[in-house]
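Note: the block below is data-v4.pdb and it holds PDB, C-alpha atoms.
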```pdb
ATOM      1  CA  MET H 914       0.000   0.000   0.000
ATOM      2  CA  ILE H 915       1.435   3.362  -1.075
ATOM      3  CA  TRP H 916       0.255   6.247   1.106
ATOM      4  CA  THR H 917      -0.239   9.747  -0.244
ATOM      5  CA  LEU H 918      -0.691  13.047   1.592
ATOM      6  CA  THR H 919      -2.687  15.966   0.154
ATOM      7  CA  MET H 920      -2.962  19.032   2.343
ATOM      8  CA  ASN H 921      -4.867  21.133  -0.196
ATOM      9  CA  PRO H 922      -7.192  18.813  -2.156
ATOM     10  CA  ALA H 923      -9.730  20.026  -4.674
ATOM     11  CA  LEU H 924     -12.757  18.899  -6.559
ATOM     12  CA  ASP H 925     -11.728  19.429 -10.185
ATOM     13  CA  VAL H 926     -14.571  20.469 -12.492
ATOM     14  CA  ALA H 927     -13.633  20.306 -16.185
ATOM     15  CA  PHE H 928     -15.774  21.383 -19.110
ATOM     16  CA  THR H 929     -15.581  22.691 -22.656
ATOM     17  CA  VAL H 930     -17.026  25.946 -24.009
ATOM     18  CA  PRO H 931     -17.237  27.206 -27.605
ATOM     19  CA  GLU H 932     -15.006  30.149 -26.647
ATOM     20  CA  LEU H 933     -14.144  32.341 -23.654
ATOM     21  CA  LYS H 934     -16.139  35.529 -24.061
ATOM     22  CA  ILE H 935     -17.050  38.126 -21.441
ATOM     23  CA  HIS H 936     -20.651  39.290 -20.876
ATOM     24  CA  SER H 937     -21.973  36.081 -22.429
ATOM     25  CA  LYS H 938     -23.678  32.958 -21.207
ATOM     26  CA  LEU H 939     -21.192  30.198 -21.960
ATOM     27  CA  ARG H 940     -22.966  26.879 -22.512
ATOM     28  CA  CYS H 941     -20.721  24.180 -21.092
ATOM     29  CA  LYS H 942     -20.302  20.640 -22.443
ATOM     30  CA  LYS H 943     -18.315  17.509 -21.563
ATOM     31  CA  VAL H 944     -18.533  18.238 -17.837
ATOM     32  CA  ARG H 945     -16.296  15.976 -15.769
ATOM     33  CA  THR H 946     -15.864  16.114 -11.981
ATOM     34  CA  THR H 947     -12.957  14.359 -10.248
ATOM     35  CA  PRO H 948     -11.127  14.502  -6.906
ATOM     36  CA  GLY H 949      -7.797  16.255  -7.297
ATOM     37  CA  GLY H 950      -4.739  17.710  -5.640
ATOM     38  CA  GLY H 951      -1.170  16.398  -5.873
ATOM     39  CA  GLY H 952      -1.247  13.377  -3.594
ATOM     40  CA  ILE H 953      -4.796  12.406  -4.542
ATOM     41  CA  ASN H 954      -3.834  12.414  -8.215
ATOM     42  CA  CYS H 955      -0.834  10.212  -7.390
ATOM     43  CA  SER H 956      -3.171   7.754  -5.632
ATOM     44  CA  ARG H 957      -5.552   7.733  -8.591
ATOM     45  CA  ALA H 958      -2.704   7.056 -11.028
ATOM     46  CA  ILE H 959      -1.324   4.250  -8.856
ATOM     47  CA  VAL H 960      -4.724   2.540  -8.663
ATOM     48  CA  ASN H 961      -5.309   3.064 -12.403
ATOM     49  CA  LEU H 962      -2.052   1.194 -13.040
ATOM     50  CA  GLY H 963      -2.978  -1.761 -10.851
ATOM     51  CA  GLY H 964      -1.409  -0.726  -7.550
ATOM     52  CA  GLU H 965      -2.899  -0.101  -4.128
ATOM     53  CA  SER H 966      -2.965   3.332  -2.547
ATOM     54  CA  ALA H 967      -4.376   5.075   0.505
ATOM     55  CA  ALA H 968      -4.951   8.837   0.390
ATOM     56  CA  LEU H 969      -4.685  10.973   3.528
ATOM     57  CA  PHE H 970      -6.130  14.444   2.984
ATOM     58  CA  CYS H 971      -7.633  17.443   4.796
ATOM     59  CA  SER H 972     -11.168  18.385   3.824
ATOM     60  CA  GLY H 973     -14.313  20.088   5.009
ATOM     61  CA  GLY H 974     -17.500  21.810   3.863
ATOM     62  CA  ASP H 975     -19.881  20.787   1.108
ATOM     63  CA  VAL H 976     -17.182  19.219  -1.098
ATOM     64  CA  ASP H 977     -15.870  17.029   1.728
ATOM     65  CA  GLY H 978     -18.011  13.930   1.259
ATOM     66  CA  SER H 979     -17.885  14.127  -2.524
ATOM     67  CA  ILE H 980     -14.107  13.754  -2.631
ATOM     68  CA  GLU H 981     -14.115  10.786  -0.261
ATOM     69  CA  HIS H 982     -17.025   9.107  -2.048
ATOM     70  CA  ARG H 983     -15.417   9.513  -5.468
ATOM     71  CA  LEU H 984     -12.045   8.229  -4.270
ATOM     72  CA  LYS H 985     -13.589   5.119  -2.756
ATOM     73  CA  ALA H 986     -15.506   4.491  -5.983
ATOM     74  CA  LEU H 987     -12.173   4.587  -7.831
ATOM     75  CA  GLY H 988     -10.653   2.019  -5.470
ATOM     76  CA  VAL H 989      -8.558   4.399  -3.361
ATOM     77  CA  THR H 990      -8.534   3.828   0.403
ATOM     78  CA  THR H 991      -9.163   7.087   2.289
ATOM     79  CA  ALA H 992      -8.143   8.650   5.584
ATOM     80  CA  ARG H 993      -9.462  12.128   6.265
ATOM     81  CA  VAL H 994      -8.515  14.982   8.577
ATOM     82  CA  ASN H 995     -11.632  17.075   9.153
ATOM     83  CA  ILE H 996     -11.222  20.847   8.900
ATOM     84  CA  GLU H 997     -13.610  23.756   9.428
ATOM     85  CA  GLY H 998     -13.009  25.470   6.095
ATOM     86  CA  ASP H 999     -14.497  24.524   2.737
ATOM     87  CA  THR H1000     -12.396  22.344   0.453
ATOM     88  CA  ARG H1001     -11.625  24.250  -2.733
ATOM     89  CA  LEU H1002     -12.901  23.809  -6.259
ATOM     90  CA  SER H1003     -10.677  24.021  -9.339
ATOM     91  CA  LEU H1004     -12.029  24.830 -12.790
ATOM     92  CA  LEU H1005     -10.444  23.429 -15.961
ATOM     93  CA  VAL H1006     -11.868  25.093 -19.073
ATOM     94  CA  ASN H1007     -11.152  23.872 -22.607
ATOM     95  CA  PRO H1008     -12.308  26.347 -25.311
ATOM     96  CA  GLU H1009     -13.245  24.287 -28.366
ATOM     97  CA  GLU H1010     -11.378  26.561 -30.769
ATOM     98  CA  GLU H1011      -8.118  26.535 -28.789
ATOM     99  CA  GLU H1012      -5.485  23.939 -27.922
ATOM    100  CA  GLY H1013      -5.006  23.375 -24.209
ATOM    101  CA  GLU H1014      -6.928  24.479 -21.164
ATOM    102  CA  TYR H1015      -7.434  27.404 -18.807
ATOM    103  CA  ARG H1016      -6.957  26.427 -15.171
ATOM    104  CA  PHE H1017      -8.605  28.455 -12.383
ATOM    105  CA  ILE H1018      -7.030  27.331  -9.093
ATOM    106  CA  LEU H1019      -8.567  28.563  -5.831
ATOM    107  CA  PRO H1020      -6.241  29.025  -2.818
ATOM    108  CA  GLY H1021      -8.022  26.641  -0.476
ATOM    109  CA  PRO H1022      -9.220  27.096   3.120
ATOM    110  CA  GLU H1023      -6.992  28.393   5.900
ATOM    111  CA  LEU H1024      -5.968  25.601   8.278
ATOM    112  CA  SER H1025      -5.494  26.086  11.986
ATOM    113  CA  GLU H1026      -2.381  24.788  13.740
ATOM    114  CA  GLU H1027      -4.483  22.070  15.345
ATOM    115  CA  GLU H1028      -5.709  20.938  11.917
ATOM    116  CA  TRP H1029      -2.326  20.686  10.193
ATOM    117  CA  ARG H1030      -0.789  19.042  13.251
ATOM    118  CA  SER H1031      -3.582  16.450  13.093
ATOM    119  CA  ALA H1032      -2.289  15.416   9.668
ATOM    120  CA  LEU H1033       1.181  14.833  11.122
ATOM    121  CA  GLU H1034      -0.303  12.817  13.980
ATOM    122  CA  LYS H1035      -2.222  10.669  11.501
ATOM    123  CA  LEU H1036       0.994   9.983   9.605
ATOM    124  CA  GLU H1037       2.603   8.798  12.841
ATOM    125  CA  GLU H1038      -0.234   6.293  13.153
ATOM    126  CA  VAL H1039      -0.248   4.841   9.638
ATOM    127  CA  LEU H1040       3.396   4.843   8.528
ATOM    128  CA  GLU H1041       5.468   1.717   9.063
ATOM    129  CA  LYS H1042       9.015   0.712   8.175
ATOM    130  CA  ASP H1043       9.574   0.744   4.387
ATOM    131  CA  THR H1044       6.151   2.307   3.692
ATOM    132  CA  LEU H1045       6.199   4.530   0.610
ATOM    133  CA  LEU H1046       4.717   7.945   1.385
ATOM    134  CA  MET H1047       4.039  10.454  -1.373
ATOM    135  CA  ALA H1048       3.576  14.018  -0.086
ATOM    136  CA  SER H1049       2.542  16.151  -3.034
ATOM    137  CA  GLY H1050       0.821  19.403  -3.837
ATOM    138  CA  SER H1051       0.429  22.950  -2.593
ATOM    139  CA  LEU H1052       0.134  23.961   1.042
ATOM    140  CA  PRO H1053      -3.053  25.866   1.959
ATOM    141  CA  PRO H1054      -3.014  29.117   3.924
ATOM    142  CA  GLY H1055      -2.100  28.632   7.569
ATOM    143  CA  VAL H1056       0.266  25.706   6.965
ATOM    144  CA  PRO H1057       3.900  26.673   7.717
ATOM    145  CA  GLU H1058       6.611  26.612   5.061
ATOM    146  CA  ASP H1059       8.510  23.929   6.983
ATOM    147  CA  PHE H1060       5.530  21.556   6.961
ATOM    148  CA  TYR H1061       7.070  19.134   4.454
ATOM    149  CA  ALA H1062      10.265  19.119   6.533
ATOM    150  CA  ARG H1063       8.076  18.025   9.456
ATOM    151  CA  VAL H1064       6.527  15.322   7.251
ATOM    152  CA  ALA H1065      10.028  14.131   6.354
ATOM    153  CA  ALA H1066      10.941  13.976  10.044
ATOM    154  CA  VAL H1067       7.909  11.765  10.728
ATOM    155  CA  ALA H1068       8.770   9.515   7.777
ATOM    156  CA  ASN H1069      12.376   9.175   8.923
ATOM    157  CA  ARG H1070      11.326   8.303  12.474
ATOM    158  CA  ARG H1071       8.953   5.642  11.185
ATOM    159  CA  GLY H1072      11.436   4.226   8.666
ATOM    160  CA  ALA H1073       9.236   5.180   5.700
ATOM    161  CA  ARG H1074      10.512   6.381   2.311
ATOM    162  CA  LEU H1075       9.296   9.865   1.414
ATOM    163  CA  PHE H1076       8.610  10.900  -2.185
ATOM    164  CA  LEU H1077       8.122  14.692  -2.162
ATOM    165  CA  ASP H1078       6.748  17.091  -4.778
ATOM    166  CA  GLY H1079       5.605  20.496  -3.591
ATOM    167  CA  PRO H1080       6.188  24.258  -3.610
ATOM    168  CA  SER H1081       9.820  25.227  -4.167
ATOM    169  CA  ALA H1082      10.280  26.957  -0.815
ATOM    170  CA  ALA H1083       8.778  24.028   1.100
ATOM    171  CA  VAL H1084      10.904  21.461  -0.757
ATOM    172  CA  ARG H1085      14.047  23.535  -0.207
ATOM    173  CA  LYS H1086      13.290  23.696   3.518
ATOM    174  CA  ALA H1087      12.799  19.926   3.653
ATOM    175  CA  LEU H1088      16.106  19.338   1.835
ATOM    176  CA  GLU H1089      17.895  21.634   4.284
ATOM    177  CA  GLU H1090      16.488  19.998   7.404
ATOM    178  CA  GLU H1091      15.864  16.311   6.648
ATOM    179  CA  HIS H1092      17.015  13.425   4.467
ATOM    180  CA  LEU H1093      14.583  12.625   1.649
ATOM    181  CA  PHE H1094      14.205   9.531  -0.497
ATOM    182  CA  ALA H1095      12.969  11.099  -3.762
ATOM    183  CA  ILE H1096      11.787  14.433  -5.139
ATOM    184  CA  LYS H1097      10.245  15.396  -8.492
ATOM    185  CA  PRO H1098      10.771  19.086  -9.287
ATOM    186  CA  ASN H1099      10.225  20.529 -12.732
ATOM    187  CA  ALA H1100      12.878  22.740 -14.320
ATOM    188  CA  LYS H1101      11.529  26.049 -12.960
ATOM    189  CA  GLU H1102      11.013  24.629  -9.472
ATOM    190  CA  TRP H1103      14.504  23.131  -9.313
ATOM    191  CA  GLY H1104      15.994  26.409 -10.510
ATOM    192  CA  ARG H1105      14.236  28.206  -7.635
ATOM    193  CA  ILE H1106      15.172  25.542  -5.086
ATOM    194  CA  ARG H1107      18.861  25.722  -6.020
ATOM    195  CA  ASP H1108      19.067  29.381  -7.122
ATOM    196  CA  CYS H1109      20.521  28.262 -10.439
ATOM    197  CA  GLY H1110      19.863  28.720 -14.146
ATOM    198  CA  THR H1111      17.359  26.575 -16.003
ATOM    199  CA  SER H1112      19.520  25.204 -18.813
ATOM    200  CA  ARG H1113      19.484  21.417 -18.821
ATOM    201  CA  ARG H1114      23.217  21.291 -18.048
ATOM    202  CA  GLU H1115      22.934  23.575 -15.004
ATOM    203  CA  LEU H1116      19.872  21.755 -13.684
ATOM    204  CA  ILE H1117      21.516  18.340 -13.958
ATOM    205  CA  GLU H1118      24.749  19.576 -12.356
ATOM    206  CA  GLU H1119      22.812  20.926  -9.376
ATOM    207  CA  ALA H1120      20.826  17.691  -9.093
ATOM    208  CA  GLU H1121      24.010  15.613  -9.165
ATOM    209  CA  THR H1122      25.508  17.826  -6.452
ATOM    210  CA  ALA H1123      22.444  17.436  -4.223
ATOM    211  CA  VAL H1124      22.375  13.654  -4.645
ATOM    212  CA  ARG H1125      26.068  12.691  -4.717
ATOM    213  CA  LYS H1126      27.917  15.421  -2.832
ATOM    214  CA  GLU H1127      25.436  16.813  -0.325
ATOM    215  CA  ARG H1128      23.590  13.456  -0.055
ATOM    216  CA  ARG H1129      20.358  15.080   1.137
ATOM    217  CA  VAL H1130      18.208  13.002  -1.200
ATOM    218  CA  GLU H1131      18.584   9.581  -2.817
ATOM    219  CA  ILE H1132      16.810  10.207  -6.133
ATOM    220  CA  ILE H1133      15.823  13.290  -8.125
ATOM    221  CA  LEU H1134      13.376  12.793 -10.981
ATOM    222  CA  LEU H1135      13.771  16.094 -12.804
ATOM    223  CA  SER H1136      10.744  16.731 -15.012
ATOM    224  CA  LEU H1137      11.446  18.523 -18.290
ATOM    225  CA  GLY H1138       7.840  18.641 -19.494
ATOM    226  CA  SER H1139       7.436  17.685 -23.138
ATOM    227  CA  GLU H1140      11.166  16.930 -23.366
ATOM    228  CA  GLY H1141      10.949  14.068 -20.855
ATOM    229  CA  ALA H1142      12.899  13.762 -17.614
ATOM    230  CA  VAL H1143      16.294  13.156 -16.059
ATOM    231  CA  CYS H1144      16.668  10.619 -13.256
ATOM    232  CA  VAL H1145      19.646  11.385 -11.003
ATOM    233  CA  THR H1146      20.851   8.786  -8.478
ATOM    234  CA  ARG H1147      24.041   7.929  -6.601
ATOM    235  CA  ASP H1148      24.987   5.636  -9.510
ATOM    236  CA  GLY H1149      24.527   8.049 -12.402
ATOM    237  CA  SER H1150      22.143  10.205 -14.427
ATOM    238  CA  GLU H1151      19.740   9.003 -17.100
ATOM    239  CA  TYR H1152      17.908  11.189 -19.621
ATOM    240  CA  ILE H1153      14.573   9.785 -20.797
ATOM    241  CA  GLU H1154      13.103  11.381 -23.908
ATOM    242  CA  SER H1155       9.332  11.815 -23.938
ATOM    243  CA  PRO H1156       7.436  10.187 -26.827
ATOM    244  CA  PRO H1157       5.352  12.300 -29.226
ATOM    245  CA  VAL H1158       1.808  12.862 -27.947
ATOM    246  CA  ASP H1159      -1.519  14.310 -29.041
ATOM    247  CA  LEU H1160      -1.876  17.040 -26.427
ATOM    248  CA  VAL H1161      -5.351  17.346 -24.925
ATOM    249  CA  ASP H1162      -4.949  18.391 -21.276
ATOM    250  CA  THR H1163      -1.831  18.605 -19.069
ATOM    251  CA  THR H1164      -3.751  18.363 -15.790
ATOM    252  CA  GLY H1165      -2.363  15.609 -13.569
ATOM    253  CA  ALA H1166       0.503  14.674 -15.912
ATOM    254  CA  GLY H1167       3.215  15.408 -13.355
ATOM    255  CA  ASP H1168       1.314  13.587 -10.621
ATOM    256  CA  SER H1169       0.810  10.588 -12.915
ATOM    257  CA  MET H1170       4.542  10.570 -13.645
ATOM    258  CA  PHE H1171       5.396  10.647  -9.944
ATOM    259  CA  GLY H1172       2.785   8.065  -8.964
ATOM    260  CA  ALA H1173       3.945   5.672 -11.680
ATOM    261  CA  PHE H1174       7.561   6.163 -10.572
ATOM    262  CA  ALA H1175       6.744   5.247  -6.963
ATOM    263  CA  LEU H1176       4.661   2.272  -8.066
ATOM    264  CA  ALA H1177       7.459   0.917 -10.248
ATOM    265  CA  ILE H1178       9.946   1.265  -7.390
ATOM    266  CA  ASP H1179       7.499  -0.389  -5.003
ATOM    267  CA  ARG H1180       7.307  -3.291  -7.458
ATOM    268  CA  GLY H1181      11.101  -3.641  -7.382
ATOM    269  CA  LYS H1182      11.806  -2.279 -10.864
ATOM    270  CA  PRO H1183      15.336  -0.951 -11.598
ATOM    271  CA  LEU H1184      15.490   2.832 -11.371
ATOM    272  CA  LYS H1185      16.120   3.301 -15.099
ATOM    273  CA  GLU H1186      13.062   1.204 -15.908
ATOM    274  CA  ALA H1187      11.006   3.021 -13.256
ATOM    275  CA  ALA H1188      11.951   6.394 -14.763
ATOM    276  CA  ARG H1189      10.949   5.268 -18.265
ATOM    277  CA  TYR H1190       7.639   4.005 -16.896
ATOM    278  CA  ALA H1191       7.117   7.366 -15.193
ATOM    279  CA  VAL H1192       7.727   9.376 -18.360
ATOM    280  CA  ALA H1193       5.362   7.079 -20.278
ATOM    281  CA  ALA H1194       2.655   7.616 -17.636
ATOM    282  CA  GLY H1195       2.987  11.394 -17.836
ATOM    283  CA  ALA H1196       2.827  11.287 -21.636
ATOM    284  CA  ALA H1197      -0.236   9.028 -21.568
ATOM    285  CA  THR H1198      -2.032  11.463 -19.249
ATOM    286  CA  VAL H1199      -1.726  14.522 -21.503
ATOM    287  CA  GLU H1200      -3.774  12.675 -24.121
ATOM    288  CA  LYS H1201      -6.673  12.447 -21.628
ATOM    289  CA  TYR H1202      -9.376  15.052 -21.041
ATOM    290  CA  GLY H1203     -10.582  16.688 -17.848
ATOM    291  CA  SER H1204      -8.329  15.340 -15.058
ATOM    292  CA  GLU H1205      -8.559  11.804 -16.413
ATOM    293  CA  LEU H1206      -5.247  10.054 -15.766
ATOM    294  CA  CYS H1207      -3.124   7.377 -17.433
ATOM    295  CA  THR H1208      -4.243   3.801 -17.989
ATOM    296  CA  PRO H1209      -2.128   0.633 -18.451
ATOM    297  CA  GLU H1210      -3.030   0.581 -22.140
ATOM    298  CA  GLY H1211      -1.995   4.198 -22.591
ATOM    299  CA  VAL H1212       1.307   3.668 -20.777
ATOM    300  CA  ASP H1213       2.081   0.575 -22.865
ATOM    301  CA  LYS H1214       1.427   2.582 -26.041
ATOM    302  CA  MET H1215       3.877   5.266 -24.908
ATOM    303  CA  LEU H1216       6.511   2.693 -23.936
ATOM    304  CA  ASP H1217       6.243   1.215 -27.438
ATOM    305  CA  LYS H1218       6.811   4.676 -28.929
ATOM    306  CA  MET H1219       9.819   5.200 -26.636
ATOM    307  CA  ARG H1220      11.337   1.891 -27.722
ATOM    308  CA  GLY H1221      10.835   2.980 -31.330
ATOM    309  CA  GLN H1222      12.739   6.217 -30.647
ATOM    310  CA  ASN H1223      15.788   4.227 -29.537
ATOM    311  CA  GLU H1224      15.880   1.802 -32.475
TER     312      GLU H1224
END
```

Could you render the structure as structure tokens?
Amino acid sequence: MIWTLTMNPALDVAFTVPELKIHSKLRCKKVRTTPGGGGINCSRAIVNLGGESAALFCSGGDVDGSIEHRLKALGVTTARVNIEGDTRLSLLVNPEEEEGEYRFILPGPELSEEEWRSALEKLEEVLEKDTLLMASGSLPPGVPEDFYARVAAVANRRGARLFLDGPSAAVRKALEEEHLFAIKPNAKEWGRIRDCGTSRRELIEEAETAVRKERRVEIILLSLGSEGAVCVTRDGSEYIESPPVDLVDTTGAGDSMFGAFALAIDRGKPLKEAARYAVAAGAATVEKYGSELCTPEGVDKMLDKMRGQNE
């Protein structure tokens, strides 16, 4: 069972419109509603790909029960920290005459100290030695910048392996204060975390320094978007080129990549193979609409394309 933590979940509402036009009634089509947020998306991807996942998240208000109900229907085990504020909505709008989507992301409710500490206490209860924990996503108002460092401290005490993907400042704080198992920044995030340029050479050099010299983290899966990813470990660095895709919607692609990576590692796959699987999962997700994530068939199709690239 792979655990995920989502401090700022959302109910994602996706729909298409003919065009975005002010002062007009926009008739929406293809409405799709899914539970979202970094860790929750990782759980959904893991279950889609045949794994088992439990999602720990903070929620409250009218959206609260809908997220839990939808996750259970998808086969995700749930553990909830109740909060006073209303869980946020996120709107994903695809104009029919444009490529891509507009994403309206609400900030989320403000959490009290008692509420965010309850999430840490729950982690103490559920984590065991060698458990994989994926902490992913934004931190809502009221949650301190060092929260993910506190999560890492809990994971280290319990002997769990932490996979972390979050805001740059929070990830940097965690790297400074605790040892991490794996992180998945994108190019801009890693540039901010390390105060470095965003050329591929500079990014990889900084990742290799963090992993091999500073030894604060075991693995960095550096996402390069449509160009693929670089997996940096103590044993070397591997660039994985992304296959060509028919872009529909990028929502959840990074979370699918990270979830697939953790699942492959949990299944004992070599790191190079796990990284290729992760890139294939991210690529498969961008061909889906409205927060729909990768499927085994989609990942297999992308892996076939990637093998073709190397022939």

For this session: Report the distance between CA of Asp1179 (chain H) and CA of Leu1045 (chain H) in Å, rounded to one decimal place.
Result: 7.6 Å

Seminar exercise, completed: Closest of H:Asp1148, H:Glu1011, H:Glu1115, H:Glu1205 to Thr1164 (chain H), counting only C-alpha atoms, is H:Glu1205

Exercise. Rounded to one decimal in Å, what is the spacing between CA of Gly950 (chain H) and CA of Glu1023 (chain H)?
Worked result: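 Distance between the two atoms: 15.9 Å.
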
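Nearest residue to Ala1187 (chain H), choosing from H:Leu969, H:Val1161, H:Leu1093, H:Leu1216 and counting all atoms listed in the file: H:Leu1216.
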
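Run against this file, the PyMOL selection byres ((chain H and resi 1051) around 7) gives back Asn921, Gly1050, Leu1052, Pro1053, Gly1079 and Pro1080 of chain H.
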
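Minimum distance to Val1130 (chain H) across H:Met1170, H:Ala1197, H:Val1064, H:Leu1075 (counting all atoms listed in the file) occurs at H:Leu1075.
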
For this session: Select, from H:Lys1035, H:Arg1189, H:Arg1113, H:Lys1126, the residue with the minimum atom-to-atom distance to Lys1218 (chain H), counting only C-alpha atoms.
Result: H:Arg1189

Problem set entry | Resolved residues for the PyMOL selection byres ((chain H and resi 1083) around 8) as an MDAnalysis selection string | chainID H and resid 1058:1062 1079:1082 1084:1087

For this session: To one decimal in Å, tell me the separation between CA of Gly1181 (chain H) and CA of Gly1149 (chain H).
Result: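 Going from CA of Gly1181 (chain H) over to CA of Gly1149 (chain H), I get 18.5 Å.
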